[in-house]
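First up is the structure itself, then whatever we jot down about it.
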Amino acid sequence: MEDDFHRTVAGPVPVGLKLFAFALMGPAMGINAALIALATPAMAPLGTNGLIASGFVGIVLGIFPARWLARKIHEGINE
């Protein structure tokens, strides 16, 4: 049973579409987070490990735009 947050006007979003959206947005957010870490002088002492950690944090945060993207694609397909 899903709550109202996971439902769209078109019905529940398929899992495959959610995974597809995360496959797009996860790496994109990871690259953006790594570039932000490179541009931040406070990250310099952490070196490569800090760069890798910031990339993984970006990948995890990529879940949020991926959920939005999956809902919008699903609504567009069902129109």
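Letters A, B, ... mark the chains of the structure tokens in the order given; residue numbers begin at 1 per chain; ligand numbers begin at 1, in order shown.
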Inset, instruction - Would you please extract all strand (DSSP E or B) residues from chain A, as assigned by DSSP on the backbone, and give them as a count of residues only? - result: 4
Could you build a table of the residues in stretch 9-36 of chain A lying no more than 12 Å from stretch 55-58 of chain A, giving for each the nearest pair of atoms and their separation in Å rounded to one decimal place, using only C-alpha atoms, ordered by chain and ascending residue number, as CSV?
residue,atom,partner,partner_atom,distance
A:Phe22,CA,A:Gly58,CA,11.9
A:Met25,CA,A:Gly58,CA,9.6
A:Gly26,CA,A:Gly58,CA,7.3
A:Pro27,CA,A:Gly58,CA,8.0
A:Ala28,CA,A:Gly58,CA,8.3
A:Met29,CA,A:Gly58,CA,4.9
A:Gly30,CA,A:Gly58,CA,4.1
A:Ile31,CA,A:Gly55,CA,6.3
A:Asn32,CA,A:Gly58,CA,7.2
A:Ala33,CA,A:Gly58,CA,5.1
A:Ala34,CA,A:Gly55,CA,5.0
A:Leu35,CA,A:Gly55,CA,8.6
A:Ile36,CA,A:Gly55,CA,9.5
Inset, instruction - Find the residues near stretch 64-74 of chain A: any atom within 6 Å, counting only C-alpha atoms, skip ones fewer than 2 places away on the same chain, and give them as a PyMOL selection string. - result: chain A and resi 17-18+21-22+25+62+76-77
Inset, instruction - Between atom CA of A:Leu24 and atom CA of A:Val60, measure the distance and give it in Å to one decimal. - result: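 These two atoms are separated by 12.6 Å.
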Legend entry - helix (DSSP H, G or I) residues, from DSSP on the backbone, in chain A, as number ranges by chain: A: 4-6, 15-39, 41-61, 63-77
